[in-house]
Structure formats: C-alpha cells, structure tokens
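Note: the block below is run12.txt and it holds compact mmCIF, C-alpha atoms.
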```txt
# COMPACT_ATOMS: atom_id res chain seq x y z
CA MET A 140 187.32 172.08 113.83
CA PRO A 141 186.51 169.35 111.33
CA VAL A 142 182.88 168.41 110.99
CA ARG A 143 181.91 164.96 112.26
CA VAL A 144 180.36 162.69 109.64
CA GLY A 145 179.12 159.23 110.59
CA VAL A 146 179.82 156.08 108.57
CA VAL A 147 177.50 153.21 109.47
CA VAL A 148 179.02 149.73 109.59
CA PHE A 149 176.67 146.79 109.13
CA PRO A 150 177.87 143.20 109.23
CA GLY A 151 178.86 142.79 105.59
CA SER A 152 179.68 146.43 104.86
CA ASN A 153 182.90 146.52 102.85
CA CYS A 154 183.26 150.10 101.67
CA ASP A 155 183.25 151.69 105.12
CA ARG A 156 187.03 152.18 105.25
CA ASP A 157 187.15 153.68 101.77
CA THR A 158 184.36 156.02 102.81
CA VAL A 159 186.19 156.99 105.99
CA HIS A 160 189.30 157.69 103.91
CA ALA A 161 187.42 159.83 101.38
CA LEU A 162 185.73 161.82 104.14
CA ALA A 163 189.11 162.47 105.78
CA LEU A 164 190.46 163.64 102.42
CA ALA A 165 187.62 166.15 102.40
CA ASP A 166 188.74 167.36 105.86
CA ALA A 167 185.87 165.81 107.78
CA GLU A 168 186.24 163.80 110.98
CA PRO A 169 184.78 160.38 110.17
CA VAL A 170 182.90 158.67 113.01
CA VAL A 171 182.34 154.94 112.65
CA LEU A 172 178.86 153.93 113.82
CA TRP A 173 178.11 150.26 114.55
CA HIS A 174 174.77 148.88 113.38
CA GLU A 175 173.73 147.79 116.88
CA GLN A 176 174.03 151.21 118.44
CA ALA A 177 171.00 153.46 118.71
CA SER A 178 172.88 156.76 118.84
CA LEU A 179 174.39 158.74 115.99
CA GLU A 180 176.79 160.38 118.47
CA GLY A 181 175.88 163.87 117.36
CA VAL A 182 177.28 163.67 113.84
CA ALA A 183 176.27 166.34 111.32
CA ALA A 184 175.70 163.88 108.48
CA VAL A 185 175.53 160.11 107.97
CA VAL A 186 176.85 157.94 105.15
CA LEU A 187 175.58 154.40 104.59
CA PRO A 188 178.45 152.74 102.73
CA GLY A 189 178.52 149.96 100.19
CA GLY A 190 178.81 146.26 100.87
CA PHE A 191 176.49 143.35 101.47
CA ALA A 192 174.76 144.23 104.74
CA TYR A 193 173.50 141.10 106.50
CA GLY A 194 174.60 139.11 103.46
CA ASP A 195 171.97 140.82 101.32
CA TYR A 196 169.70 137.94 102.29
CA LEU A 197 166.04 138.16 101.25
CA ARG A 198 166.52 141.43 99.33
CA ALA A 199 169.54 143.71 99.32
CA GLY A 200 169.23 146.18 102.17
CA VAL A 201 166.00 144.95 103.72
CA ILE A 202 167.36 143.34 106.87
CA ALA A 203 169.71 146.24 107.56
CA ARG A 204 166.68 148.47 107.47
CA PHE A 205 165.45 146.98 110.76
CA SER A 206 168.72 147.45 112.66
CA PRO A 207 168.86 149.77 115.70
CA ILE A 208 171.08 152.31 113.93
CA MET A 209 168.51 152.66 111.14
CA ARG A 210 165.85 153.75 113.62
CA ALA A 211 168.22 156.55 114.59
CA VAL A 212 169.01 157.33 110.94
CA SER A 213 165.29 157.50 110.10
CA ALA A 214 164.63 159.91 112.96
CA PHE A 215 167.67 161.99 111.95
CA ALA A 216 166.45 162.10 108.35
CA ALA A 217 162.92 163.06 109.42
CA ASP A 218 164.46 165.97 111.32
CA GLY A 219 166.21 167.19 108.16
CA GLY A 220 169.59 165.52 108.82
CA LEU A 221 171.84 164.80 105.84
CA VAL A 222 172.04 161.14 104.83
CA LEU A 223 173.88 159.72 101.82
CA GLY A 224 173.58 156.05 100.83
CA ILE A 225 176.13 154.61 98.44
CA CYS A 226 175.42 151.36 96.56
CA ASN A 227 174.27 148.96 99.30
CA GLY A 228 173.56 152.07 101.37
CA PHE A 229 171.22 153.25 98.60
CA GLN A 230 169.50 149.85 98.69
CA VAL A 231 169.04 150.18 102.46
CA LEU A 232 167.55 153.69 102.09
CA ALA A 233 165.20 152.50 99.34
CA GLU A 234 164.03 149.53 101.41
CA ALA A 235 163.49 151.87 104.36
CA GLY A 236 161.40 154.16 102.16
CA LEU A 237 163.74 157.09 102.86
CA VAL A 238 164.36 157.58 99.14
CA PRO A 239 161.95 156.69 96.32
CA GLY A 240 162.16 153.64 94.08
CA ALA A 241 163.62 150.17 94.29
CA LEU A 242 166.81 148.51 93.06
CA LEU A 243 166.13 145.38 91.04
CA ARG A 244 168.44 142.61 89.90
CA ASN A 245 170.65 143.86 87.06
CA GLU A 246 168.94 143.34 83.73
CA SER A 247 171.97 141.32 82.54
CA LEU A 248 171.77 139.09 85.64
CA ARG A 249 175.51 139.75 85.95
CA PHE A 250 177.34 141.54 88.71
CA ALA A 251 178.44 144.88 87.25
CA GLY A 252 181.91 145.84 88.44
CA ARG A 253 183.45 148.49 86.20
CA GLU A 254 183.90 152.18 85.65
CA VAL A 255 180.91 154.15 84.42
CA ALA A 256 180.21 157.80 83.66
CA ILE A 257 177.47 159.65 85.47
CA ALA A 258 176.22 163.21 85.33
CA ALA A 259 174.59 165.32 88.02
CA GLU A 260 171.15 166.57 87.07
CA ARG A 261 171.38 169.28 89.69
CA ALA A 262 174.32 171.20 91.08
CA ASP A 263 172.31 173.05 93.70
CA THR A 264 171.76 170.34 96.29
CA ALA A 265 173.45 169.39 99.54
CA PHE A 266 175.13 166.47 97.75
CA THR A 267 176.14 168.09 94.45
CA HIS A 268 176.79 171.80 94.92
CA ALA A 269 180.54 171.37 94.27
CA LEU A 270 179.79 169.77 90.89
CA GLU A 271 179.10 171.18 87.49
CA ARG A 272 175.69 170.23 86.16
CA ARG A 273 175.76 167.49 83.49
CA ARG A 274 179.56 167.25 83.44
CA PRO A 275 180.42 163.52 83.18
CA LEU A 276 182.11 162.02 86.25
CA ARG A 277 184.02 158.75 86.11
CA MET A 278 183.67 156.31 88.98
CA PRO A 279 183.11 152.58 89.51
CA VAL A 280 179.94 150.61 90.01
CA ALA A 281 180.03 147.25 91.81
CA HIS A 282 176.63 145.68 92.28
CA GLY A 283 174.33 142.85 91.30
CA GLU A 284 171.09 144.65 92.16
CA GLY A 285 171.27 148.19 90.88
CA CYS A 286 168.53 148.46 88.29
CA PHE A 287 166.60 151.53 89.42
CA TYR A 288 162.87 151.01 89.19
CA ALA A 289 159.80 153.09 89.96
CA ASP A 290 156.47 153.09 88.18
CA GLU A 291 155.90 155.58 85.36
CA ALA A 292 153.89 158.02 87.46
CA THR A 293 156.59 158.05 90.13
CA LEU A 294 159.35 158.54 87.54
CA ASP A 295 157.45 161.49 86.08
CA ALA A 296 157.00 162.96 89.54
CA LEU A 297 160.69 162.51 90.40
CA GLU A 298 161.70 164.37 87.24
CA ARG A 299 159.12 167.08 87.76
CA ASP A 300 160.12 167.63 91.38
CA GLY A 301 163.85 167.63 90.74
CA GLN A 302 164.52 164.46 92.74
CA VAL A 303 166.65 162.82 90.06
CA LEU A 304 170.20 163.53 91.19
CA PHE A 305 172.42 161.47 88.83
CA ARG A 306 172.10 159.63 85.53
CA TYR A 307 174.36 157.21 83.68
CA VAL A 308 175.71 158.87 80.55
CA ASP A 309 177.55 157.50 77.52
CA ALA A 310 180.75 158.75 75.88
CA THR A 311 178.89 161.61 74.25
CA GLY A 312 177.43 162.74 77.56
CA THR A 313 173.95 161.59 76.58
CA ASP A 314 171.70 159.77 79.05
CA ALA A 315 172.35 156.03 78.79
CA GLN A 316 168.88 154.50 78.60
CA PRO A 317 168.32 150.77 79.25
CA GLY A 318 169.97 148.79 76.46
CA ASN A 319 172.80 151.30 76.06
CA PRO A 320 176.03 149.57 77.18
CA ALA A 321 176.88 152.66 79.24
CA ASN A 322 173.90 151.81 81.45
CA PRO A 323 175.31 148.94 83.53
CA ASN A 324 172.08 147.48 84.88
CA GLY A 325 168.99 148.56 82.93
CA SER A 326 168.06 151.44 85.25
CA LEU A 327 164.91 153.18 84.02
CA ARG A 328 165.47 156.62 82.50
CA ALA A 329 169.21 156.09 83.16
CA ILE A 330 168.71 157.05 86.81
CA CYS A 331 171.53 156.12 89.20
CA GLY A 332 170.93 158.59 92.01
CA VAL A 333 167.82 160.10 93.59
CA MET A 334 166.90 162.11 96.64
CA ASN A 335 163.87 162.47 98.88
CA ALA A 336 161.40 165.32 98.54
CA GLY A 337 163.11 167.24 101.34
CA GLY A 338 166.45 167.13 99.57
CA ASN A 339 168.30 165.89 102.67
CA VAL A 340 168.47 162.15 101.91
CA ALA A 341 170.14 160.85 98.76
CA GLY A 342 171.21 157.51 97.35
CA LEU A 343 173.40 156.58 94.42
CA MET A 344 174.65 153.27 93.05
CA PRO A 345 178.13 154.30 91.80
CA HIS A 346 180.98 154.65 94.29
CA PRO A 347 182.34 158.19 94.71
CA GLU A 348 184.60 156.99 97.56
CA ARG A 349 186.35 154.64 95.12
CA ALA A 350 187.12 157.59 92.87
CA ALA A 351 188.64 159.77 95.55
CA GLU A 352 192.25 160.09 94.37
CA ALA A 353 193.97 160.28 90.98
CA ILE A 354 195.98 157.17 91.86
CA LEU A 355 192.71 155.22 91.89
CA GLY A 356 192.10 156.21 88.27
CA SER A 357 189.71 159.06 89.01
CA ASP A 358 189.08 161.62 91.70
CA ASP A 359 185.74 162.66 90.25
CA GLY A 360 183.96 161.26 93.30
CA MET A 361 185.44 163.88 95.57
CA GLY A 362 183.06 166.52 94.28
CA ILE A 363 180.22 164.54 95.83
CA VAL A 364 182.11 163.88 99.06
CA ARG A 365 183.15 167.54 99.35
CA SER A 366 179.58 168.69 98.71
CA LEU A 367 178.36 166.48 101.54
CA VAL A 368 181.10 167.55 103.97
CA ASP A 369 180.56 171.21 103.19
CA SER A 370 176.79 170.84 103.69
CA ALA A 371 177.46 169.02 106.97
CA LEU A 372 179.70 171.88 108.10
CA GLN A 373 176.95 174.37 107.39
CA ALA A 374 174.39 172.17 109.12
CA ALA A 375 176.65 171.87 112.18
CA ALA A 376 177.07 175.64 112.24
CA GLY A 377 173.31 175.94 112.08
CA THR A 378 173.56 178.34 109.19
CA ALA A 379 172.54 176.10 106.58
CA PRO A 380 170.51 174.91 103.88
CA ARG A 381 170.47 171.35 105.17
CA GLU A 382 167.76 170.94 102.67
CA ALA A 383 167.96 171.86 99.07
CA VAL A 384 164.27 172.22 98.59
CA ALA A 385 162.98 170.29 95.66
CA ARG A 386 161.85 172.35 92.72
CA MET B 140 148.47 128.79 121.73
CA THR B 141 148.50 126.70 118.62
CA SER B 142 151.15 126.47 115.94
CA PHE B 143 150.15 127.29 112.39
CA ARG B 144 152.28 126.71 109.36
CA PHE B 145 152.16 129.04 106.36
CA ALA B 146 153.94 129.62 103.11
CA VAL B 147 154.35 133.15 101.81
CA ASN B 148 154.67 133.23 98.04
CA VAL B 149 156.33 136.41 96.79
CA THR B 150 156.30 137.18 93.06
CA PRO B 151 157.37 140.15 90.95
CA LYS B 152 154.46 142.42 90.09
CA PRO B 153 153.09 142.20 86.57
CA GLY B 154 155.07 144.48 84.30
CA ILE B 155 158.18 144.48 86.49
CA LEU B 156 161.26 143.40 84.61
CA ASP B 157 162.11 139.87 85.78
CA PRO B 158 165.49 138.98 84.28
CA GLN B 159 165.58 135.68 86.18
CA GLY B 160 162.28 134.61 84.68
CA ARG B 161 163.49 135.67 81.27
CA ALA B 162 166.72 133.66 81.68
CA VAL B 163 164.79 130.56 82.75
CA GLN B 164 162.45 130.92 79.82
CA GLY B 165 165.40 131.41 77.48
CA SER B 166 166.92 128.13 78.64
CA LEU B 167 163.85 126.05 77.87
CA GLY B 168 164.81 125.67 74.22
CA HIS B 169 167.93 123.81 75.33
CA LEU B 170 165.66 121.23 76.96
CA GLY B 171 163.70 120.80 73.79
CA ILE B 172 160.64 122.30 75.43
CA SER B 173 158.41 124.71 73.58
CA GLY B 174 155.11 126.43 74.27
CA VAL B 175 156.12 127.78 77.70
CA SER B 176 155.83 131.53 78.24
CA ALA B 177 155.45 134.21 80.93
CA VAL B 178 157.94 132.62 83.31
CA ARG B 179 158.24 134.63 86.52
CA VAL B 180 160.67 133.75 89.30
CA GLY B 181 159.67 134.57 92.86
CA ARG B 182 160.42 133.39 96.36
CA ARG B 183 158.62 131.08 98.77
CA VAL B 184 159.08 131.43 102.51
CA GLU B 185 157.67 128.79 104.85
CA LEU B 186 157.24 129.52 108.53
CA THR B 187 155.50 128.46 111.73
CA VAL B 188 153.68 130.96 113.92
CA ASP B 189 152.21 130.44 117.39
CA ALA B 190 148.89 132.20 117.88
CA ALA B 191 145.58 131.92 119.69
CA ASP B 192 143.68 131.05 116.54
CA GLY B 193 143.88 130.96 112.77
CA PRO B 194 142.91 134.56 112.04
CA ALA B 195 145.43 135.85 114.59
CA ALA B 196 148.14 133.70 113.03
CA ARG B 197 147.24 134.95 109.59
CA ASP B 198 147.43 138.57 110.74
CA VAL B 199 150.98 138.05 111.97
CA VAL B 200 152.07 136.38 108.76
CA ASP B 201 150.39 139.08 106.69
CA GLN B 202 152.27 141.81 108.54
CA LEU B 203 155.54 139.92 108.15
CA ALA B 204 154.90 139.43 104.45
CA ARG B 205 153.98 143.07 103.90
CA GLU B 206 156.77 144.68 105.91
CA LEU B 207 159.69 142.31 105.43
CA LEU B 208 159.25 139.43 103.02
CA SER B 209 158.00 141.53 100.11
CA ASN B 210 158.69 145.00 98.78
CA PRO B 211 155.27 146.40 97.83
CA LEU B 212 156.79 148.61 95.13
CA ILE B 213 157.91 145.66 93.06
CA GLU B 214 156.36 142.49 94.47
CA THR B 215 153.05 140.95 95.45
CA TYR B 216 152.48 138.09 97.85
CA ASP B 217 149.89 135.58 98.88
CA LEU B 218 149.57 133.49 102.02
CA GLU B 219 149.09 129.77 101.85
CA PRO B 220 148.32 127.64 104.90
CA ILE B 221 150.32 124.47 104.52
CA GLY B 222 149.21 122.55 107.59
CA ALA B 223 150.15 123.08 111.21
CA ALA B 224 153.40 122.35 112.96
CA SER B 225 151.52 120.72 115.84
CA SER B 226 148.14 119.06 116.07
CA ALA B 227 146.09 121.83 114.51
CA ILE B 228 146.46 120.93 110.86
CA GLY B 229 142.72 121.05 110.35
CA VAL B 230 142.39 124.48 111.92
CA ALA B 231 145.16 126.03 109.88
CA VAL B 232 143.83 124.60 106.65
CA GLN B 233 140.32 125.73 107.51
CA GLU B 234 141.55 129.28 108.03
CA GLY B 235 143.17 129.30 104.61
```
Structure re-expressed in structure tokens:
Amino acid sequence: MPVRVGVVVFPGSNCDRDTVHALALADAEPVVLWHEQASLEGVAAVVLPGGFAYGDYLRAGVIARFSPIMRAVSAFAADGGLVLGICNGFQVLAEAGLVPGALLRNESLRFAGREVAIAAERADTAFTHALERRRPLRMPVAHGEGCFYADEATLDALERDGQVLFRYVDATGTDAQPGNPANPNGSLRAICGVMNAGGNVAGLMPHPERAAEAILGSDDGMGIVRSLVDSALQAAAGTAPREAVAR
Amino acid sequence: MTSFRFAVNVTPKPGILDPQGRAVQGSLGHLGISGVSAVRVGRRVELTVDAADGPAARDVVDQLARELLSNPLIETYDLEPIGAASSAIGVAVQEG
C-alpha cells in the first residue's frame, strides 16, 4: 500500500499540484491538507509546498505560521514526524522556528527564477539518503526572499552539527559563496537547505518537484522526493529512522 | 476600556544585509545628494488597541511586535505611542 504523504495548501500556495505529482511519481499517495484544518489525517510525512502563502504579506511565511494546520504540523514535528518545506514552505518553517535561520530579501533585490545547481552535504538523512553526497543536482529556484541568513555562531553550529543539508554549487562543483553568480540570492556560506537538530524537519529553497521528470529539463529532484517517500514508508511501518540524528 | 494608538517600527538588525537600504542609498547620487550614508529600510505598523490602561496596552503591542511583526533573528523593533484613537491621547502619550 502506498504511503500517505500530506501536502499543505495555503491560500497562495502554487506548487502544491506539482508536489502532489512528484509524490505520486515516487509511488506515494498524496493527501491534500487545507490550511484551515487542524488534523493531518494520519499522514506519515508532510510537505509544505512553494507559493506565496497569504500573499507573503508582512514577511514571507509568517502569517501561514499561525494557521490551524501549522499547529498540527508543529506538534507532528515535535513528535519526530517528517516535514519538508520547499521554497515558501521553507520560509514558513523558518518563521515557525522549526528549522534554523531566516530567509532575507535576495541580495540582488530581484526575483530569482532560473535553474541552479545544488549539492547535498549529507546523504545519510531522511531527505537525502537516495542521493550521492556532493553530486551536483540541477533544479529551479523561484523566489524573491531566499537569502539564507543566520549569525556566525549559528552558522558554525549548523556546520558542526551536520544540519547543513544543501549548498549552491558552481559549474566546477565548488560551493557558490555570496557574489558567485551560481549563488542566486547571496545566501551565507552557500546554504540553500538546512534541517533541525532532530533531523526530521528540513527546508530548502530550490524546487525538487519542478525537476521531477526529464521532460521538465531535469529529474534530479526525484532523489529528494524518493528519499522522503522512502523515509515516510519506514516511519509508517514503525521500523524506521524517522530521525537521522545530527552528527 | 480605552483605545490606545501605537506605531511599531521594525528595522533590520545592525550588520544584517539590507539590500533595500543599499539600493536607496545608491540612488541618492541621481538626486544630486551627497553625504548620506547608513540607509536602512524597515517597516512601520500603526495600530489601535483597546485595554484597561497604558501599560496593559503596551504589553499587548509588545507581544504582537515580538511574535508577529518582527523576526527577532533579523530585526529589532521599538514601540511608539502616537496618540489615542479615542479621548485618551494624553494617557497614551504619557505611557510612552
């Protein structure tokens, strides 16, 4: 039986259908969850998709954070449940304090909508175990506020504790630091994906669900989707490392 | 209950990259203005709150500012009484 994976829909979400499609490609049963509901309907994992939840008013993600579904997501996450936030979903998780850091306005002040290359720092987590460590993956970014920020002490701690999940890389596979054109927004230390200390909540700015089939130009995103679905299957079976414990 | 009117001024923390401030500053040359530096762009939210007294009103606004209007990782805020929505202008200003 396919594992049930929730996709939260906020008013203004616009990547929910792509996410549903990618999850189905990975043999999961996607379950659409409306922002006003307080139940996660027993899903084994939750994805917060991209978009402009609540118009991104005030700050991207902040108003969504106070929706009924996010109370349920927070409780689920606290219990070790798997949560992945993509783009706007990452902004929601950061505003909710479920993943570290903040997403600032792009350094260029321009909306960044293009393909980038990213590399997984770890291939032993619930979100990346189907990937090869540091192998560049091509997928799009589409955001105006994606500049990852945390203070220096926090950045050091994230690196030390293995909470940096993905980085932007350039054509040579080297980390694309701020100022490098391969870094689309000025993200500090080239970071585009992080996870919480428990290893069960992750956010990333690029869109794996938009790189889910070769006809889209890349299917590199499916490694992330498949990792999540496989981890959800194990969690549902109760056998599993829901949590990839941080180093 | 009395109505109190406040402004919450939210600004990027010192040291946080503020590309909007930098863009504004970069445009000043086009106006023929020089000698302006350290431009920071923030956000001002004005609101009215009903409360028993000034301190109670301020507590509500402070919570709102801390939990919603600002992100403490990247922003700071201050509260500014800007006169009351009803007859209690003096009270609100006094509490400031």
Which residues of chain A come within 8 Å of chain B, and what is each one's closest atom pair and distance in Å (one decimal), counting all atoms listed in the file, sorted by chain and residue number, as JSON lines?
```
{"residue": "A:Leu197", "atom": "CA", "partner": "B:Leu208", "partner_atom": "CA", "distance": 7.1}
{"residue": "A:Val201", "atom": "CA", "partner": "B:Leu207", "partner_atom": "CA", "distance": 7.1}
{"residue": "A:Ile202", "atom": "CA", "partner": "B:Leu207", "partner_atom": "CA", "distance": 7.9}
{"residue": "A:Glu234", "atom": "CA", "partner": "B:Asn210", "partner_atom": "CA", "distance": 7.5}
{"residue": "A:Gly240", "atom": "CA", "partner": "B:Leu212", "partner_atom": "CA", "distance": 7.4}
{"residue": "A:Ala241", "atom": "CA", "partner": "B:Leu212", "partner_atom": "CA", "distance": 7.1}
{"residue": "A:Arg244", "atom": "CA", "partner": "B:Pro158", "partner_atom": "CA", "distance": 7.3}
{"residue": "A:Asn245", "atom": "CA", "partner": "B:Pro158", "partner_atom": "CA", "distance": 7.6}
{"residue": "A:Glu246", "atom": "CA", "partner": "B:Pro158", "partner_atom": "CA", "distance": 5.6}
{"residue": "A:Ser247", "atom": "CA", "partner": "B:Pro158", "partner_atom": "CA", "distance": 7.1}
{"residue": "A:Leu248", "atom": "CA", "partner": "B:Pro158", "partner_atom": "CA", "distance": 6.4}
{"residue": "A:Ala289", "atom": "CA", "partner": "B:Leu212", "partner_atom": "CA", "distance": 7.5}
```
- Message: List the spatial neighbours of region 165-173 of chain A as a PyMOL selection string - criterion: any atom at most 7 Å away, all atoms listed in the file, same-chain residues fewer than 5 positions off excluded.
- Response: chain A and resi 141-149+159+179+364-365+368
Straight-line distance linking CA of Pro317 (chain A) with CA of Ile330 (chain A), stated in Å to one decimal:
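Result for CA of Pro317 (chain A) versus CA of Ile330 (chain A): 9.8 Å, one decimal.
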Please list as number ranges by chain every residue within 8 Å of Ala281 (chain A), counting only C-alpha atoms and excluding residues in the same chain fewer than 4 positions away. A: 226, 250-253, 345-346
Between A:Val238, A:Leu223, A:Cys154, A:Ala329, single out the one closest to Glu260 (chain A), counting only C-alpha atoms.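 Looking only at the distances to Glu260 (chain A), the closest residue turns out to be A:Ala329.
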Separating CA of Leu187 (chain A) from CA of Asp309 (chain A), to the nearest tenth of an Å, is a gap of 27.3 Å
query: Which residues, written as a list in words, have at least one atom at most 12 Å from Val199 (chain B), with all atoms listed in the file counted and residues fewer than 6 positions away on the same chain left out?
result: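 Skipping anything fewer than 6 positions along the chain leaves Phe143, Arg144, Phe145, Val147, Leu186, Thr187, Val188, Asp189, Ala190, Ala191, Asp192, Gly193, Arg205, Glu206, Leu207 and Leu218 of chain B.
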For this session: Go ahead and compute the interatomic distance for CA of Asp198 (chain B) and CA of Glu185 (chain B), in Å to one decimal.
Result: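 Interatomic distance, CA of Asp198 (chain B) to CA of Glu185 (chain B): 15.3 Å.
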*asked:* Give me, as a ChimeraX atom specification, all polymer residues having an atom no more than 8 Å from Glu219 (chain B), counting only C-alpha atoms and skipping those fewer than 2 positions away in the same chain.
replied: /B:145-148,217,221,235
Can you fill out region 355-375 of chain A with N, CA and C atoms and hand it back as an mmCIF file, keeping the file's coordinate frame?
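Contents of rebuild.cif, as written:
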```cif
data_model
loop_
_atom_site.group_PDB
_atom_site.id
_atom_site.type_symbol
_atom_site.label_atom_id
_atom_site.label_comp_id
_atom_site.auth_asym_id
_atom_site.auth_seq_id
_atom_site.Cartn_x
_atom_site.Cartn_y
_atom_site.Cartn_z
ATOM 1 N N LEU A 355 193.756 156.246 92.055
ATOM 2 C CA LEU A 355 192.710 155.220 91.890
ATOM 3 C C LEU A 355 192.134 155.222 90.474
ATOM 4 N N GLY A 356 192.596 156.149 89.644
ATOM 5 C CA GLY A 356 192.100 156.210 88.270
ATOM 6 C C GLY A 356 191.167 157.380 88.044
ATOM 7 N N SER A 357 190.607 157.906 89.120
ATOM 8 C CA SER A 357 189.710 159.060 89.010
ATOM 9 C C SER A 357 189.525 159.668 90.394
ATOM 10 N N ASP A 358 189.454 160.977 90.432
ATOM 11 C CA ASP A 358 189.080 161.620 91.700
ATOM 12 C C ASP A 358 187.765 162.393 91.536
ATOM 13 N N ASP A 359 187.011 161.971 90.524
ATOM 14 C CA ASP A 359 185.740 162.660 90.250
ATOM 15 C C ASP A 359 184.736 162.514 91.394
ATOM 16 N N GLY A 360 184.904 161.479 92.207
ATOM 17 C CA GLY A 360 183.960 161.260 93.300
ATOM 18 C C GLY A 360 184.067 162.291 94.405
ATOM 19 N N MET A 361 185.236 162.952 94.460
ATOM 20 C CA MET A 361 185.440 163.880 95.570
ATOM 21 C C MET A 361 184.505 165.074 95.530
ATOM 22 N N GLY A 362 184.011 165.414 94.352
ATOM 23 C CA GLY A 362 183.060 166.520 94.280
ATOM 24 C C GLY A 362 181.800 166.218 95.085
ATOM 25 N N ILE A 363 181.403 164.956 95.064
ATOM 26 C CA ILE A 363 180.220 164.540 95.830
ATOM 27 C C ILE A 363 180.550 164.534 97.324
ATOM 28 N N VAL A 364 181.720 163.956 97.652
ATOM 29 C CA VAL A 364 182.110 163.880 99.060
ATOM 30 C C VAL A 364 182.283 165.282 99.641
ATOM 31 N N ARG A 365 182.929 166.166 98.858
ATOM 32 C CA ARG A 365 183.150 167.540 99.350
ATOM 33 C C ARG A 365 181.834 168.297 99.505
ATOM 34 N N SER A 366 180.899 168.049 98.584
ATOM 35 C CA SER A 366 179.580 168.690 98.710
ATOM 36 C C SER A 366 178.931 168.298 100.030
ATOM 37 N N LEU A 367 178.981 166.986 100.312
ATOM 38 C CA LEU A 367 178.360 166.480 101.540
ATOM 39 C C LEU A 367 179.034 167.075 102.774
ATOM 40 N N VAL A 368 180.368 167.058 102.791
ATOM 41 C CA VAL A 368 181.100 167.550 103.970
ATOM 42 C C VAL A 368 180.827 169.035 104.170
ATOM 43 N N ASP A 369 180.824 169.784 103.087
ATOM 44 C CA ASP A 369 180.560 171.210 103.190
ATOM 45 C C ASP A 369 179.141 171.471 103.705
ATOM 46 N N SER A 370 178.182 170.683 103.215
ATOM 47 C CA SER A 370 176.790 170.840 103.690
ATOM 48 C C SER A 370 176.693 170.459 105.161
ATOM 49 N N ALA A 371 177.462 169.431 105.560
ATOM 50 C CA ALA A 371 177.460 169.020 106.970
ATOM 51 C C ALA A 371 178.043 170.119 107.847
ATOM 52 N N LEU A 372 179.097 170.769 107.355
ATOM 53 C CA LEU A 372 179.700 171.880 108.100
ATOM 54 C C LEU A 372 178.676 172.983 108.329
ATOM 55 N N GLN A 373 177.952 173.318 107.270
ATOM 56 C CA GLN A 373 176.950 174.370 107.390
ATOM 57 C C GLN A 373 175.826 173.957 108.327
ATOM 58 N N ALA A 374 175.450 172.657 108.237
ATOM 59 C CA ALA A 374 174.390 172.170 109.120
ATOM 60 C C ALA A 374 174.852 172.235 110.577
ATOM 61 N N ALA A 375 176.113 171.866 110.815
ATOM 62 C CA ALA A 375 176.650 171.870 112.180
ATOM 63 C C ALA A 375 176.714 173.298 112.720
#
```
